[in-house]
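S.K.: Can you read through this structure? Questions will come right after.
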Amino acid sequence: MLWILISSFFIWCAFREIRASFVAPPGFDSPRPVYKPYLASVLALAVVFAWPTIHRWSFEHFLSVKATELADNHRATVHCNTVFDTMLDPEMLAAGHASPWTGKIGIQHPWCNRLMSYLRHPQRASEEELWSLAMFTHESMHVRGEMNEAITECEAVQRNYRAAKLLGVPPAIARRNALDYYNLLYKPRGQWGTMQAAYYSDQCAPGKAMDEHLSDSTWATDLAAIP
Ligand SMILES: [Zn+2]
């Protein structure tokens, strides 16, 4: 919001400059021509300061549309918290949180940035970037209606492939990323202590109790059938 306020100040400077070419400013007898270098400078500064916020708003809108689709059309609204938002968030210790009642998904700073960088180069996703994809899918599953963490996480594991594709990742890379998350990051969680164990179940595996048998599941073996 601070950036938008600064941007607004520069827009006001531009407005004042243009207005002075129609109405005589205080201390002048008549209107004066626009000083073009000044006008161009303040307009450029207005854009520079507004850009991070506009970029975040458009990413939030993009994520909201995709999260709604992942949540089987339960309406989701994604908010990427700034550092300031995160400090004021009662759930600041969780990287993300969501409510199935309101559809609101809060993603803490800097996890939206990590998700953005994942989408810029999914073919060389880091561990943190894979976490950011999985967190986005996980929170979408809460909006879909599940609150049990182990079930929610397993629903996400099975849909990370679908989620990555929805976000624009090419299918072959999306599948590799989703499988990497399952094999390298999800499976070890059972041994990481009680906090992480709440998100893990040994029943979250192909053919086990939590397998939803989705046609486009991350772990579906019939590659030809995957859309
Ligand atoms: Zn959760």
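Following the order of the structure tokens, first chain is A, next is B, and so on, with residues numbered from 1 inside each chain and ligands from 1 in the order they appear.
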Produce as a PDB file with all heavy atoms, in the first residue's frame the set of residues near ligand 1, where near means within 12 Å with only C-alpha atoms and all ligand atoms considered.
M.R.:
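Just written: result_27.pdb:
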```pdb
ATOM      1  N   GLU A  91      -1.688 -16.034  11.971  1.00  0.00           N
ATOM      2  CA  GLU A  91      -1.113 -17.338  11.610  1.00  0.00           C
ATOM      3  C   GLU A  91       0.214 -17.165  10.892  1.00  0.00           C
ATOM      4  O   GLU A  91       0.512 -17.864   9.934  1.00  0.00           O
ATOM      5  CB  GLU A  91      -2.102 -18.109  10.730  1.00  0.00           C
ATOM      6  CG  GLU A  91      -3.388 -18.454  11.476  1.00  0.00           C
ATOM      7  CD  GLU A  91      -4.298 -19.341  10.653  1.00  0.00           C
ATOM      8  OE1 GLU A  91      -3.893 -20.467  10.355  1.00  0.00           O
ATOM      9  OE2 GLU A  91      -5.401 -18.894  10.324  1.00  0.00           O
ATOM     10  N   ALA A  94       2.601 -20.121   9.957  1.00  0.00           N
ATOM     11  CA  ALA A  94       2.280 -21.060   8.865  1.00  0.00           C
ATOM     12  C   ALA A  94       2.582 -20.369   7.540  1.00  0.00           C
ATOM     13  O   ALA A  94       2.249 -19.195   7.358  1.00  0.00           O
ATOM     14  CB  ALA A  94       0.811 -21.443   8.923  1.00  0.00           C
ATOM     15  N   ALA A  95       3.218 -21.094   6.612  1.00  0.00           N
ATOM     16  CA  ALA A  95       3.562 -20.487   5.315  1.00  0.00           C
ATOM     17  C   ALA A  95       2.297 -20.110   4.545  1.00  0.00           C
ATOM     18  O   ALA A  95       2.284 -19.164   3.766  1.00  0.00           O
ATOM     19  CB  ALA A  95       4.409 -21.453   4.509  1.00  0.00           C
ATOM     20  N   GLY A  96       1.225 -20.867   4.795  1.00  0.00           N
ATOM     21  CA  GLY A  96      -0.044 -20.545   4.139  1.00  0.00           C
ATOM     22  C   GLY A  96      -1.180 -21.008   5.020  1.00  0.00           C
ATOM     23  O   GLY A  96      -0.990 -21.830   5.920  1.00  0.00           O
ATOM     24  N   HIS A  97      -2.357 -20.450   4.803  1.00  0.00           N
ATOM     25  CA  HIS A  97      -3.538 -20.930   5.519  1.00  0.00           C
ATOM     26  C   HIS A  97      -4.752 -20.647   4.654  1.00  0.00           C
ATOM     27  O   HIS A  97      -4.721 -19.781   3.775  1.00  0.00           O
ATOM     28  CB  HIS A  97      -3.654 -20.283   6.907  1.00  0.00           C
ATOM     29  CG  HIS A  97      -3.612 -18.788   6.901  1.00  0.00           C
ATOM     30  ND1 HIS A  97      -4.696 -18.002   6.599  1.00  0.00           N
ATOM     31  CD2 HIS A  97      -2.580 -17.932   7.127  1.00  0.00           C
ATOM     32  CE1 HIS A  97      -4.342 -16.728   6.679  1.00  0.00           C
ATOM     33  NE2 HIS A  97      -3.062 -16.655   6.972  1.00  0.00           N
ATOM     34  N   ALA A  98      -5.822 -21.412   4.907  1.00  0.00           N
ATOM     35  CA  ALA A  98      -7.027 -21.248   4.082  1.00  0.00           C
ATOM     36  C   ALA A  98      -8.247 -21.614   4.897  1.00  0.00           C
ATOM     37  O   ALA A  98      -8.173 -22.381   5.855  1.00  0.00           O
ATOM     38  CB  ALA A  98      -6.935 -22.157   2.860  1.00  0.00           C
ATOM     39  N   SER A  99      -9.388 -21.028   4.498  1.00  0.00           N
ATOM     40  CA  SER A  99     -10.641 -21.341   5.173  1.00  0.00           C
ATOM     41  C   SER A  99     -11.640 -21.894   4.163  1.00  0.00           C
ATOM     42  O   SER A  99     -11.930 -21.238   3.161  1.00  0.00           O
ATOM     43  CB  SER A  99     -11.208 -20.070   5.809  1.00  0.00           C
ATOM     44  OG  SER A  99     -12.581 -20.255   6.069  1.00  0.00           O
ATOM     45  N   PRO A 100     -12.190 -23.084   4.440  1.00  0.00           N
ATOM     46  CA  PRO A 100     -13.214 -23.607   3.527  1.00  0.00           C
ATOM     47  C   PRO A 100     -14.512 -22.813   3.614  1.00  0.00           C
ATOM     48  O   PRO A 100     -15.336 -22.882   2.711  1.00  0.00           O
ATOM     49  CB  PRO A 100     -13.424 -25.049   4.002  1.00  0.00           C
ATOM     50  CG  PRO A 100     -12.820 -25.143   5.341  1.00  0.00           C
ATOM     51  CD  PRO A 100     -11.871 -24.007   5.523  1.00  0.00           C
ATOM     52  N   ILE A 105      -7.495 -17.721   0.927  1.00  0.00           N
ATOM     53  CA  ILE A 105      -6.182 -18.359   1.081  1.00  0.00           C
ATOM     54  C   ILE A 105      -5.168 -17.247   1.340  1.00  0.00           C
ATOM     55  O   ILE A 105      -5.077 -16.294   0.564  1.00  0.00           O
ATOM     56  CB  ILE A 105      -5.772 -19.124  -0.203  1.00  0.00           C
ATOM     57  CG1 ILE A 105      -6.732 -20.287  -0.465  1.00  0.00           C
ATOM     58  CG2 ILE A 105      -4.333 -19.631  -0.096  1.00  0.00           C
ATOM     59  CD1 ILE A 105      -6.467 -21.039  -1.765  1.00  0.00           C
ATOM     60  N   GLY A 106      -4.433 -17.365   2.435  1.00  0.00           N
ATOM     61  CA  GLY A 106      -3.372 -16.392   2.732  1.00  0.00           C
ATOM     62  C   GLY A 106      -2.034 -17.063   2.519  1.00  0.00           C
ATOM     63  O   GLY A 106      -1.798 -18.154   3.047  1.00  0.00           O
ATOM     64  N   ILE A 107      -1.189 -16.452   1.718  1.00  0.00           N
ATOM     65  CA  ILE A 107       0.158 -17.002   1.493  1.00  0.00           C
ATOM     66  C   ILE A 107       1.150 -15.992   2.051  1.00  0.00           C
ATOM     67  O   ILE A 107       1.151 -14.817   1.670  1.00  0.00           O
ATOM     68  CB  ILE A 107       0.413 -17.264  -0.013  1.00  0.00           C
ATOM     69  CG1 ILE A 107      -0.601 -18.302  -0.532  1.00  0.00           C
ATOM     70  CG2 ILE A 107       1.844 -17.746  -0.239  1.00  0.00           C
ATOM     71  CD1 ILE A 107      -0.455 -18.656  -1.988  1.00  0.00           C
ATOM     72  N   ALA A 134       3.317 -27.103  -3.864  1.00  0.00           N
ATOM     73  CA  ALA A 134       2.532 -28.020  -3.033  1.00  0.00           C
ATOM     74  C   ALA A 134       1.677 -27.248  -2.024  1.00  0.00           C
ATOM     75  O   ALA A 134       0.550 -27.646  -1.726  1.00  0.00           O
ATOM     76  CB  ALA A 134       3.462 -28.989  -2.315  1.00  0.00           C
ATOM     77  N   MET A 135       2.205 -26.134  -1.531  1.00  0.00           N
ATOM     78  CA  MET A 135       1.428 -25.351  -0.573  1.00  0.00           C
ATOM     79  C   MET A 135       0.199 -24.739  -1.252  1.00  0.00           C
ATOM     80  O   MET A 135      -0.900 -24.747  -0.695  1.00  0.00           O
ATOM     81  CB  MET A 135       2.287 -24.241   0.012  1.00  0.00           C
ATOM     82  CG  MET A 135       1.526 -23.480   1.070  1.00  0.00           C
ATOM     83  SD  MET A 135       2.446 -22.092   1.679  1.00  0.00           S
ATOM     84  CE  MET A 135       2.624 -21.141   0.220  1.00  0.00           C
ATOM     85  N   PHE A 136       0.395 -24.250  -2.470  1.00  0.00           N
ATOM     86  CA  PHE A 136      -0.731 -23.681  -3.219  1.00  0.00           C
ATOM     87  C   PHE A 136      -1.821 -24.749  -3.419  1.00  0.00           C
ATOM     88  O   PHE A 136      -3.010 -24.499  -3.195  1.00  0.00           O
ATOM     89  CB  PHE A 136      -0.229 -23.144  -4.571  1.00  0.00           C
ATOM     90  CG  PHE A 136      -1.327 -22.788  -5.521  1.00  0.00           C
ATOM     91  CD1 PHE A 136      -2.127 -21.679  -5.299  1.00  0.00           C
ATOM     92  CD2 PHE A 136      -1.581 -23.580  -6.638  1.00  0.00           C
ATOM     93  CE1 PHE A 136      -3.164 -21.365  -6.163  1.00  0.00           C
ATOM     94  CE2 PHE A 136      -2.605 -23.270  -7.507  1.00  0.00           C
ATOM     95  CZ  PHE A 136      -3.400 -22.157  -7.266  1.00  0.00           C
ATOM     96  N   THR A 137      -1.414 -25.953  -3.796  1.00  0.00           N
ATOM     97  CA  THR A 137      -2.390 -27.034  -4.006  1.00  0.00           C
ATOM     98  C   THR A 137      -3.041 -27.409  -2.673  1.00  0.00           C
ATOM     99  O   THR A 137      -4.259 -27.607  -2.592  1.00  0.00           O
ATOM    100  CB  THR A 137      -1.706 -28.272  -4.629  1.00  0.00           C
ATOM    101  OG1 THR A 137      -0.777 -27.848  -5.613  1.00  0.00           O
ATOM    102  CG2 THR A 137      -2.713 -29.198  -5.263  1.00  0.00           C
ATOM    103  N   HIS A 138      -2.220 -27.507  -1.619  1.00  0.00           N
ATOM    104  CA  HIS A 138      -2.720 -27.868  -0.283  1.00  0.00           C
ATOM    105  C   HIS A 138      -3.804 -26.881   0.187  1.00  0.00           C
ATOM    106  O   HIS A 138      -4.892 -27.292   0.600  1.00  0.00           O
ATOM    107  CB  HIS A 138      -1.526 -27.875   0.682  1.00  0.00           C
ATOM    108  CG  HIS A 138      -1.873 -28.190   2.105  1.00  0.00           C
ATOM    109  ND1 HIS A 138      -1.617 -29.405   2.687  1.00  0.00           N
ATOM    110  CD2 HIS A 138      -2.453 -27.427   3.072  1.00  0.00           C
ATOM    111  CE1 HIS A 138      -2.028 -29.384   3.953  1.00  0.00           C
ATOM    112  NE2 HIS A 138      -2.539 -28.185   4.210  1.00  0.00           N
ATOM    113  N   GLU A 139      -3.523 -25.587   0.072  1.00  0.00           N
ATOM    114  CA  GLU A 139      -4.502 -24.593   0.535  1.00  0.00           C
ATOM    115  C   GLU A 139      -5.771 -24.644  -0.324  1.00  0.00           C
ATOM    116  O   GLU A 139      -6.876 -24.447   0.176  1.00  0.00           O
ATOM    117  CB  GLU A 139      -3.900 -23.177   0.523  1.00  0.00           C
ATOM    118  CG  GLU A 139      -2.624 -22.995   1.348  1.00  0.00           C
ATOM    119  CD  GLU A 139      -2.705 -23.491   2.786  1.00  0.00           C
ATOM    120  OE1 GLU A 139      -3.821 -23.654   3.312  1.00  0.00           O
ATOM    121  OE2 GLU A 139      -1.655 -23.748   3.373  1.00  0.00           O
ATOM    122  N   SER A 140      -5.613 -24.947  -1.600  1.00  0.00           N
ATOM    123  CA  SER A 140      -6.796 -25.076  -2.479  1.00  0.00           C
ATOM    124  C   SER A 140      -7.661 -26.248  -2.020  1.00  0.00           C
ATOM    125  O   SER A 140      -8.893 -26.195  -2.107  1.00  0.00           O
ATOM    126  CB  SER A 140      -6.368 -25.298  -3.932  1.00  0.00           C
ATOM    127  OG  SER A 140      -5.540 -24.242  -4.350  1.00  0.00           O
ATOM    128  N   MET A 141      -7.007 -27.309  -1.505  1.00  0.00           N
ATOM    129  CA  MET A 141      -7.770 -28.471  -1.014  1.00  0.00           C
ATOM    130  C   MET A 141      -8.543 -28.118   0.265  1.00  0.00           C
ATOM    131  O   MET A 141      -9.635 -28.635   0.497  1.00  0.00           O
ATOM    132  CB  MET A 141      -6.833 -29.658  -0.758  1.00  0.00           C
ATOM    133  CG  MET A 141      -6.217 -30.248  -2.018  1.00  0.00           C
ATOM    134  SD  MET A 141      -7.459 -30.793  -3.240  1.00  0.00           S
ATOM    135  CE  MET A 141      -7.492 -29.406  -4.385  1.00  0.00           C
ATOM    136  N   HIS A 142      -8.010 -27.212   1.079  1.00  0.00           N
ATOM    137  CA  HIS A 142      -8.786 -26.742   2.242  1.00  0.00           C
ATOM    138  C   HIS A 142     -10.044 -26.019   1.757  1.00  0.00           C
ATOM    139  O   HIS A 142     -11.126 -26.216   2.286  1.00  0.00           O
ATOM    140  CB  HIS A 142      -7.943 -25.787   3.097  1.00  0.00           C
ATOM    141  CG  HIS A 142      -6.976 -26.480   4.015  1.00  0.00           C
ATOM    142  ND1 HIS A 142      -7.300 -27.606   4.733  1.00  0.00           N
ATOM    143  CD2 HIS A 142      -5.689 -26.178   4.351  1.00  0.00           C
ATOM    144  CE1 HIS A 142      -6.255 -27.981   5.461  1.00  0.00           C
ATOM    145  NE2 HIS A 142      -5.253 -27.139   5.235  1.00  0.00           N
ATOM    146  N   VAL A 143      -9.868 -25.172   0.729  1.00  0.00           N
ATOM    147  CA  VAL A 143     -11.039 -24.439   0.198  1.00  0.00           C
ATOM    148  C   VAL A 143     -12.047 -25.430  -0.382  1.00  0.00           C
ATOM    149  O   VAL A 143     -13.264 -25.232  -0.286  1.00  0.00           O
ATOM    150  CB  VAL A 143     -10.595 -23.405  -0.869  1.00  0.00           C
ATOM    151  CG1 VAL A 143     -11.795 -22.792  -1.578  1.00  0.00           C
ATOM    152  CG2 VAL A 143      -9.746 -22.316  -0.226  1.00  0.00           C
ATOM    153  N   ARG A 144     -11.551 -26.511  -0.914  1.00  0.00           N
ATOM    154  CA  ARG A 144     -12.441 -27.551  -1.457  1.00  0.00           C
ATOM    155  C   ARG A 144     -13.269 -28.197  -0.346  1.00  0.00           C
ATOM    156  O   ARG A 144     -14.315 -28.798  -0.607  1.00  0.00           O
ATOM    157  CB  ARG A 144     -11.579 -28.595  -2.183  1.00  0.00           C
ATOM    158  CG  ARG A 144     -12.334 -29.670  -2.927  1.00  0.00           C
ATOM    159  CD  ARG A 144     -11.373 -30.435  -3.814  1.00  0.00           C
ATOM    160  NE  ARG A 144     -11.991 -31.648  -4.343  1.00  0.00           N
ATOM    161  CZ  ARG A 144     -11.860 -32.847  -3.761  1.00  0.00           C
ATOM    162  NH1 ARG A 144     -11.136 -32.988  -2.660  1.00  0.00           N
ATOM    163  NH2 ARG A 144     -12.458 -33.898  -4.287  1.00  0.00           N
ATOM    164  N   GLY A 145     -12.807 -28.078   0.912  1.00  0.00           N
ATOM    165  CA  GLY A 145     -13.644 -28.531   2.015  1.00  0.00           C
ATOM    166  C   GLY A 145     -12.975 -29.429   3.035  1.00  0.00           C
ATOM    167  O   GLY A 145     -13.572 -29.749   4.058  1.00  0.00           O
ATOM    168  N   GLU A 146     -11.734 -29.845   2.802  1.00  0.00           N
ATOM    169  CA  GLU A 146     -11.075 -30.770   3.734  1.00  0.00           C
ATOM    170  C   GLU A 146     -10.279 -29.990   4.780  1.00  0.00           C
ATOM    171  O   GLU A 146      -9.570 -29.053   4.429  1.00  0.00           O
ATOM    172  CB  GLU A 146     -10.144 -31.708   2.940  1.00  0.00           C
ATOM    173  CG  GLU A 146      -9.495 -32.779   3.780  1.00  0.00           C
ATOM    174  CD  GLU A 146     -10.496 -33.636   4.538  1.00  0.00           C
ATOM    175  OE1 GLU A 146     -11.330 -34.287   3.896  1.00  0.00           O
ATOM    176  OE2 GLU A 146     -10.465 -33.618   5.799  1.00  0.00           O
ATOM    177  N   MET A 147     -10.384 -30.373   6.034  1.00  0.00           N
ATOM    178  CA  MET A 147      -9.620 -29.690   7.079  1.00  0.00           C
ATOM    179  C   MET A 147      -8.597 -30.603   7.754  1.00  0.00           C
ATOM    180  O   MET A 147      -7.658 -30.126   8.388  1.00  0.00           O
ATOM    181  CB  MET A 147     -10.559 -29.110   8.144  1.00  0.00           C
ATOM    182  CG  MET A 147     -11.273 -27.842   7.680  1.00  0.00           C
ATOM    183  SD  MET A 147     -10.151 -26.593   6.987  1.00  0.00           S
ATOM    184  CE  MET A 147      -9.385 -25.948   8.465  1.00  0.00           C
ATOM    185  N   ASN A 148      -8.782 -31.925   7.651  1.00  0.00           N
ATOM    186  CA  ASN A 148      -7.773 -32.830   8.212  1.00  0.00           C
ATOM    187  C   ASN A 148      -6.469 -32.666   7.418  1.00  0.00           C
ATOM    188  O   ASN A 148      -6.470 -32.787   6.193  1.00  0.00           O
ATOM    189  CB  ASN A 148      -8.281 -34.279   8.119  1.00  0.00           C
ATOM    190  CG  ASN A 148      -7.229 -35.274   8.569  1.00  0.00           C
ATOM    191  OD1 ASN A 148      -6.279 -35.556   7.852  1.00  0.00           O
ATOM    192  ND2 ASN A 148      -7.393 -35.779   9.767  1.00  0.00           N
ATOM    193  N   GLU A 149      -5.377 -32.369   8.125  1.00  0.00           N
ATOM    194  CA  GLU A 149      -4.143 -32.004   7.410  1.00  0.00           C
ATOM    195  C   GLU A 149      -3.563 -33.163   6.583  1.00  0.00           C
ATOM    196  O   GLU A 149      -3.100 -32.949   5.470  1.00  0.00           O
ATOM    197  CB  GLU A 149      -3.084 -31.488   8.390  1.00  0.00           C
ATOM    198  CG  GLU A 149      -3.437 -30.152   9.032  1.00  0.00           C
ATOM    199  CD  GLU A 149      -3.564 -28.995   8.028  1.00  0.00           C
ATOM    200  OE1 GLU A 149      -3.310 -29.174   6.834  1.00  0.00           O
ATOM    201  OE2 GLU A 149      -3.950 -27.896   8.467  1.00  0.00           O
ATOM    202  N   ALA A 150      -3.615 -34.377   7.134  1.00  0.00           N
ATOM    203  CA  ALA A 150      -3.032 -35.504   6.388  1.00  0.00           C
ATOM    204  C   ALA A 150      -3.832 -35.785   5.109  1.00  0.00           C
ATOM    205  O   ALA A 150      -3.252 -36.025   4.035  1.00  0.00           O
ATOM    206  CB  ALA A 150      -2.968 -36.737   7.271  1.00  0.00           C
ATOM    207  N   ILE A 151      -5.167 -35.717   5.225  1.00  0.00           N
ATOM    208  CA  ILE A 151      -6.005 -35.964   4.033  1.00  0.00           C
ATOM    209  C   ILE A 151      -5.812 -34.830   3.020  1.00  0.00           C
ATOM    210  O   ILE A 151      -5.656 -35.065   1.821  1.00  0.00           O
ATOM    211  CB  ILE A 151      -7.497 -36.104   4.422  1.00  0.00           C
ATOM    212  CG1 ILE A 151      -7.684 -37.312   5.355  1.00  0.00           C
ATOM    213  CG2 ILE A 151      -8.368 -36.253   3.180  1.00  0.00           C
ATOM    214  CD1 ILE A 151      -9.095 -37.452   5.915  1.00  0.00           C
ATOM    215  N   THR A 152      -5.801 -33.595   3.539  1.00  0.00           N
ATOM    216  CA  THR A 152      -5.609 -32.426   2.661  1.00  0.00           C
ATOM    217  C   THR A 152      -4.301 -32.546   1.885  1.00  0.00           C
ATOM    218  O   THR A 152      -4.256 -32.323   0.674  1.00  0.00           O
ATOM    219  CB  THR A 152      -5.573 -31.126   3.511  1.00  0.00           C
ATOM    220  OG1 THR A 152      -6.770 -31.053   4.265  1.00  0.00           O
ATOM    221  CG2 THR A 152      -5.444 -29.900   2.643  1.00  0.00           C
ATOM    222  N   GLU A 153      -3.241 -32.907   2.611  1.00  0.00           N
ATOM    223  CA  GLU A 153      -1.926 -32.990   1.975  1.00  0.00           C
ATOM    224  C   GLU A 153      -1.899 -34.116   0.936  1.00  0.00           C
ATOM    225  O   GLU A 153      -1.292 -33.974  -0.131  1.00  0.00           O
ATOM    226  CB  GLU A 153      -0.838 -33.178   3.043  1.00  0.00           C
ATOM    227  CG  GLU A 153       0.574 -33.255   2.520  1.00  0.00           C
ATOM    228  CD  GLU A 153       1.064 -31.992   1.813  1.00  0.00           C
ATOM    229  OE1 GLU A 153       0.328 -30.988   1.749  1.00  0.00           O
ATOM    230  OE2 GLU A 153       2.182 -32.023   1.293  1.00  0.00           O
ATOM    231  N   CYS A 154      -2.584 -35.216   1.237  1.00  0.00           N
ATOM    232  CA  CYS A 154      -2.579 -36.320   0.275  1.00  0.00           C
ATOM    233  C   CYS A 154      -3.392 -35.952  -0.968  1.00  0.00           C
ATOM    234  O   CYS A 154      -3.018 -36.305  -2.093  1.00  0.00           O
ATOM    235  CB  CYS A 154      -3.111 -37.596   0.916  1.00  0.00           C
ATOM    236  SG  CYS A 154      -2.791 -39.025  -0.142  1.00  0.00           S
ATOM    237  N   GLU A 155      -4.481 -35.215  -0.757  1.00  0.00           N
ATOM    238  CA  GLU A 155      -5.242 -34.729  -1.924  1.00  0.00           C
ATOM    239  C   GLU A 155      -4.348 -33.831  -2.780  1.00  0.00           C
ATOM    240  O   GLU A 155      -4.401 -33.865  -4.012  1.00  0.00           O
ATOM    241  CB  GLU A 155      -6.476 -33.940  -1.452  1.00  0.00           C
ATOM    242  CG  GLU A 155      -7.568 -34.808  -0.845  1.00  0.00           C
ATOM    243  CD  GLU A 155      -8.723 -34.008  -0.263  1.00  0.00           C
ATOM    244  OE1 GLU A 155      -8.629 -32.764  -0.179  1.00  0.00           O
ATOM    245  OE2 GLU A 155      -9.731 -34.630   0.114  1.00  0.00           O
ATOM    246  N   ALA A 156      -3.523 -33.017  -2.101  1.00  0.00           N
ATOM    247  CA  ALA A 156      -2.620 -32.116  -2.832  1.00  0.00           C
ATOM    248  C   ALA A 156      -1.543 -32.906  -3.574  1.00  0.00           C
ATOM    249  O   ALA A 156      -1.244 -32.617  -4.739  1.00  0.00           O
ATOM    250  CB  ALA A 156      -1.985 -31.125  -1.867  1.00  0.00           C
ATOM    251  N   MET A 195       5.032 -32.617  14.374  1.00  0.00           N
ATOM    252  CA  MET A 195       4.430 -31.497  13.623  1.00  0.00           C
ATOM    253  C   MET A 195       4.298 -31.867  12.144  1.00  0.00           C
ATOM    254  O   MET A 195       3.248 -31.690  11.537  1.00  0.00           O
ATOM    255  CB  MET A 195       5.342 -30.271  13.782  1.00  0.00           C
ATOM    256  CG  MET A 195       4.868 -29.084  13.006  1.00  0.00           C
ATOM    257  SD  MET A 195       4.021 -27.922  14.059  1.00  0.00           S
ATOM    258  CE  MET A 195       3.662 -26.631  12.899  1.00  0.00           C
ATOM    259  N   GLN A 196       5.378 -32.380  11.559  1.00  0.00           N
ATOM    260  CA  GLN A 196       5.351 -32.760  10.138  1.00  0.00           C
ATOM    261  C   GLN A 196       4.533 -34.037   9.934  1.00  0.00           C
ATOM    262  O   GLN A 196       3.872 -34.195   8.915  1.00  0.00           O
ATOM    263  CB  GLN A 196       6.784 -32.972   9.626  1.00  0.00           C
ATOM    264  CG  GLN A 196       7.565 -31.688   9.467  1.00  0.00           C
ATOM    265  CD  GLN A 196       6.979 -30.776   8.400  1.00  0.00           C
ATOM    266  OE1 GLN A 196       6.378 -31.230   7.445  1.00  0.00           O
ATOM    267  NE2 GLN A 196       7.144 -29.479   8.588  1.00  0.00           N
ATOM    268  N   ALA A 198       1.843 -34.879  11.154  1.00  0.00           N
ATOM    269  CA  ALA A 198       0.407 -34.593  11.030  1.00  0.00           C
ATOM    270  C   ALA A 198       0.013 -34.435   9.561  1.00  0.00           C
ATOM    271  O   ALA A 198      -1.159 -34.562   9.212  1.00  0.00           O
ATOM    272  CB  ALA A 198       0.064 -33.322  11.794  1.00  0.00           C
ATOM    273  N   TYR A 199       1.003 -34.148   8.723  1.00  0.00           N
ATOM    274  CA  TYR A 199       0.731 -33.936   7.295  1.00  0.00           C
ATOM    275  C   TYR A 199       0.995 -35.194   6.471  1.00  0.00           C
ATOM    276  O   TYR A 199       0.832 -35.192   5.267  1.00  0.00           O
ATOM    277  CB  TYR A 199       1.616 -32.800   6.750  1.00  0.00           C
ATOM    278  CG  TYR A 199       1.214 -31.440   7.265  1.00  0.00           C
ATOM    279  CD1 TYR A 199       1.604 -31.013   8.525  1.00  0.00           C
ATOM    280  CD2 TYR A 199       0.421 -30.592   6.494  1.00  0.00           C
ATOM    281  CE1 TYR A 199       1.228 -29.776   9.012  1.00  0.00           C
ATOM    282  CE2 TYR A 199       0.041 -29.349   6.972  1.00  0.00           C
ATOM    283  CZ  TYR A 199       0.446 -28.953   8.235  1.00  0.00           C
ATOM    284  OH  TYR A 199       0.059 -27.733   8.711  1.00  0.00           O
ATOM    285  N   TYR A 200       1.446 -36.254   7.158  1.00  0.00           N
ATOM    286  CA  TYR A 200       1.893 -37.439   6.432  1.00  0.00           C
ATOM    287  C   TYR A 200       1.040 -38.650   6.791  1.00  0.00           C
ATOM    288  O   TYR A 200       0.570 -38.789   7.924  1.00  0.00           O
ATOM    289  CB  TYR A 200       3.364 -37.730   6.792  1.00  0.00           C
ATOM    290  CG  TYR A 200       3.858 -39.032   6.234  1.00  0.00           C
ATOM    291  CD1 TYR A 200       4.300 -39.118   4.918  1.00  0.00           C
ATOM    292  CD2 TYR A 200       3.852 -40.195   7.011  1.00  0.00           C
ATOM    293  CE1 TYR A 200       4.728 -40.331   4.403  1.00  0.00           C
ATOM    294  CE2 TYR A 200       4.279 -41.407   6.489  1.00  0.00           C
ATOM    295  CZ  TYR A 200       4.712 -41.459   5.179  1.00  0.00           C
ATOM    296  OH  TYR A 200       5.124 -42.658   4.668  1.00  0.00           O
TER     297      TYR A 200
END
```
S.K.: Output as JSON lines one row per residue of segment 86-190 of chain A within 9 Å of segment 57-62 of chain A: the closest atom pair and its distance in Å to one decimal place, counting only C-alpha atoms, sorted by chain and residue number ascending.
M.R.:
```
{"residue": "A:Cys112", "atom": "CA", "partner": "A:Phe59", "partner_atom": "CA", "distance": 8.6}
{"residue": "A:Met116", "atom": "CA", "partner": "A:Phe59", "partner_atom": "CA", "distance": 8.4}
{"residue": "A:Leu167", "atom": "CA", "partner": "A:Phe62", "partner_atom": "CA", "distance": 8.5}
```
S.K.: With a distance cut-off of 9 Å and only C-alpha atoms, select the neighbouring residues of Pro110 of chain A, excluding the residue or stretch itself and same-chain residues fewer than 6 positions from it, and output the selection as number ranges by chain.
M.R.: A: 80-83, 95
S.K.: Give me, as a ChimeraX atom specification, all polymer residues having an atom no more than 12 Å from Ala20 of chain A, counting only C-alpha atoms and skipping those fewer than 3 positions away in the same chain.
M.R.: /A:13-17,23-35,39
S.K.: Could you check which of A:Ala163, A:Leu5, A:Leu130, A:Ala172 is closest to Lys66 of chain A, using only C-alpha atoms?
M.R.: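 With only C-alpha atoms as the atom set, the closest residue is A:Ala163.
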S.K.: Could you pull out the residues in segment 21-124 of chain A that DSSP calls alpha helix (DSSP H) from the backbone, as a PyMOL selection string?
M.R.: chain A and resi 36-70+83-88+111-120
S.K.: Just list the residues in segment 54-202 of chain A DSSP gives strand (DSSP E or B) on the backbone, as a PyMOL selection string.
M.R.: chain A and resi 77-80+96-98+104-107
S.K.: At a cut-off of 10 Å, using only C-alpha atoms, what residues contact segment 213-219 of chain A? Leave out same-chain residues fewer than 5 positions from it and give the result as a tab-separated table (two decimals) with C-alpha atoms, in the first residue's frame.
M.R.:
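Below you can see out04.tsv, which holds the result:
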```
chain	number	residue	atom	x	y	z
A	155	GLU	CA	-5.24	-34.73	-1.92
A	156	ALA	CA	-2.62	-32.12	-2.83
A	157	VAL	CA	0.06	-34.74	-3.53
A	158	GLN	CA	-2.27	-36.36	-6.06
A	159	ARG	CA	-3.16	-33.01	-7.65
A	160	ASN	CA	0.23	-31.28	-7.80
A	161	TYR	CA	0.61	-32.48	-11.38
A	162	ARG	CA	-2.79	-31.00	-12.29
A	163	ALA	CA	-1.98	-27.80	-10.36
A	174	ALA	CA	4.75	-30.71	-14.27
A	175	ARG	CA	4.69	-34.47	-13.79
A	176	ARG	CA	8.37	-34.62	-12.85
A	177	ASN	CA	7.95	-31.75	-10.35
A	178	ALA	CA	4.88	-33.40	-8.77
A	179	LEU	CA	6.64	-36.76	-8.50
A	180	ASP	CA	9.78	-35.10	-7.06
A	181	TYR	CA	7.65	-33.48	-4.38
A	182	TYR	CA	6.00	-36.82	-3.55
A	205	ALA	CA	0.35	-43.98	-1.90
A	206	PRO	CA	-0.84	-45.63	-5.11
A	207	GLY	CA	-3.48	-48.28	-4.34
A	208	LYS	CA	-3.59	-47.41	-0.60
A	225	ALA	CA	-4.46	-41.82	-20.26
A	226	ILE	CA	-3.19	-38.62	-18.64
A	227	PRO	CA	-4.72	-35.58	-20.28
```
